[in-house]
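A.B. asks: Here's a structure for you.
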Amino acid sequence: KTQDVYYFEAVDNKVFLYTKQEVYEIKQKLYEIEEHYKGMDYFRVSKSVILNLNKVKHLSPVLGSRLEAT
């Protein structure tokens, strides 16, 4: 379900979907996922990660002008 997804991540030419309990390898590319979830609460936070903003409770600054999402 869309609301169960925490984030998508690309690693070594593979894309993974993360939920609270499970990790799934999926066939779509990140640009396809980004297009599919356009207009929803998903945000491309880096070259390799799309984050579900509904799962973010807190953002904290870290060194190097980066943010850590909890």
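Starting from 1 in every chain, residues are counted up; chains themselves are A, B, ... following the order of the structure tokens, and ligands are numbered from 1 as listed.
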Please provide the set of residues having any atom within 10 Å of segment 32-47 of chain A, restricted to only C-alpha atoms, with same-chain residues fewer than 4 positions apart removed, written as a ChimeraX atom specification.

C.D. replies: /A:2-3,5-10,15,27-28,51-55,67

A.B. asks: Taking only chain A into account, list the residues labelled alpha helix (DSSP H) by DSSP (computed from the backbone), as a list in words.

C.D. replies: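 Alpha helix (DSSP H) members of chain A, listed: Leu30, Tyr31, Glu32, Ile33, Glu34, Glu35 and His36 of chain A.
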
A.B. asks: For Asp4 of chain A, list every protein, DNA or RNA residue within 9 Å, evaluated using only C-alpha atoms, and leave out those in the same chain fewer than 4 positions away; present the list as a list in words.

C.D. replies: Tyr18, Thr19, Lys20 and Lys55 of chain A

A.B. asks: Once DSSP has gone over the backbone, tell me which residues of chain A are in strand (DSSP E or B), as number ranges by chain.

C.D. replies: A: 7-11, 14-18, 23-26, 42-46, 49-52, 59-62, 66-69

A.B. asks: Give me, as JSON, numbers by chain, all polymer residues having an atom no more than 9 Å from Thr70 of chain A, counting only C-alpha atoms and skipping those fewer than 5 positions away in the same chain.

C.D. replies: {"A": [55, 56, 57, 58, 59, 60]}

A.B. asks: Residues of the last selection are to be written out with all heavy atoms, as a CSV table (one decimal), in the first residue's frame.

C.D. replies:
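After the write, result37.csv holds the following:
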chain,number,residue,atom,x,y,z
A,55,LYS,N,6.0,9.8,6.5
A,55,LYS,CA,6.7,9.0,7.5
A,55,LYS,C,7.8,9.8,8.2
A,55,LYS,O,8.4,9.2,9.1
A,55,LYS,CB,7.3,7.8,6.8
A,55,LYS,CG,6.3,6.9,6.1
A,55,LYS,CD,5.4,6.3,7.1
A,55,LYS,CE,4.4,5.3,6.4
A,55,LYS,NZ,3.5,4.7,7.4
A,56,VAL,N,8.1,11.0,7.9
A,56,VAL,CA,9.1,11.8,8.5
A,56,VAL,C,8.5,12.5,9.7
A,56,VAL,O,7.5,13.2,9.7
A,56,VAL,CB,9.7,12.9,7.5
A,56,VAL,CG1,10.7,13.8,8.2
A,56,VAL,CG2,10.3,12.2,6.3
A,57,LYS,N,9.1,12.2,10.9
A,57,LYS,CA,8.7,12.9,12.1
A,57,LYS,C,9.6,14.1,12.5
A,57,LYS,O,9.1,15.0,13.1
A,57,LYS,CB,8.8,11.9,13.3
A,57,LYS,CG,7.7,10.8,13.2
A,57,LYS,CD,7.8,9.9,14.4
A,57,LYS,CE,6.7,8.8,14.2
A,57,LYS,NZ,6.5,8.0,15.4
A,58,HIS,N,10.9,14.0,12.1
A,58,HIS,CA,11.8,15.1,12.5
A,58,HIS,C,12.9,15.2,11.5
A,58,HIS,O,13.4,14.1,11.0
A,58,HIS,CB,12.3,14.7,13.9
A,58,HIS,CG,13.1,15.8,14.5
A,58,HIS,ND1,14.5,15.9,14.3
A,58,HIS,CD2,12.8,16.8,15.2
A,58,HIS,CE1,14.9,16.9,15.0
A,58,HIS,NE2,13.9,17.5,15.5
A,59,LEU,N,13.4,16.4,11.2
A,59,LEU,CA,14.5,16.6,10.4
A,59,LEU,C,15.6,17.3,11.2
A,59,LEU,O,15.3,18.2,12.0
A,59,LEU,CB,14.2,17.5,9.2
A,59,LEU,CG,13.3,17.0,8.1
A,59,LEU,CD1,13.0,18.0,7.1
A,59,LEU,CD2,14.0,15.8,7.4
A,60,SER,N,16.8,16.8,11.1
A,60,SER,CA,17.9,17.3,11.9
A,60,SER,C,19.1,17.7,11.0
A,60,SER,O,19.4,16.9,10.1
A,60,SER,CB,18.4,16.3,13.0
A,60,SER,OG,17.4,15.9,13.8

A.B. asks: How many Å lie between atom CA of Val23 of chain A and atom CA of Val11 of chain A, rounded to one decimal?

C.D. replies: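 According to the coordinates, atom CA of Val23 of chain A and atom CA of Val11 of chain A are separated by 12.8 Å.
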
A.B. asks: Report, in Å with one decimal, the straight-line distance from atom CA of Tyr24 of chain A to atom CA of Lys1 of chain A.

C.D. replies: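 One can read the atom CA of Tyr24 of chain A to atom CA of Lys1 of chain A distance as 12.8 Å.
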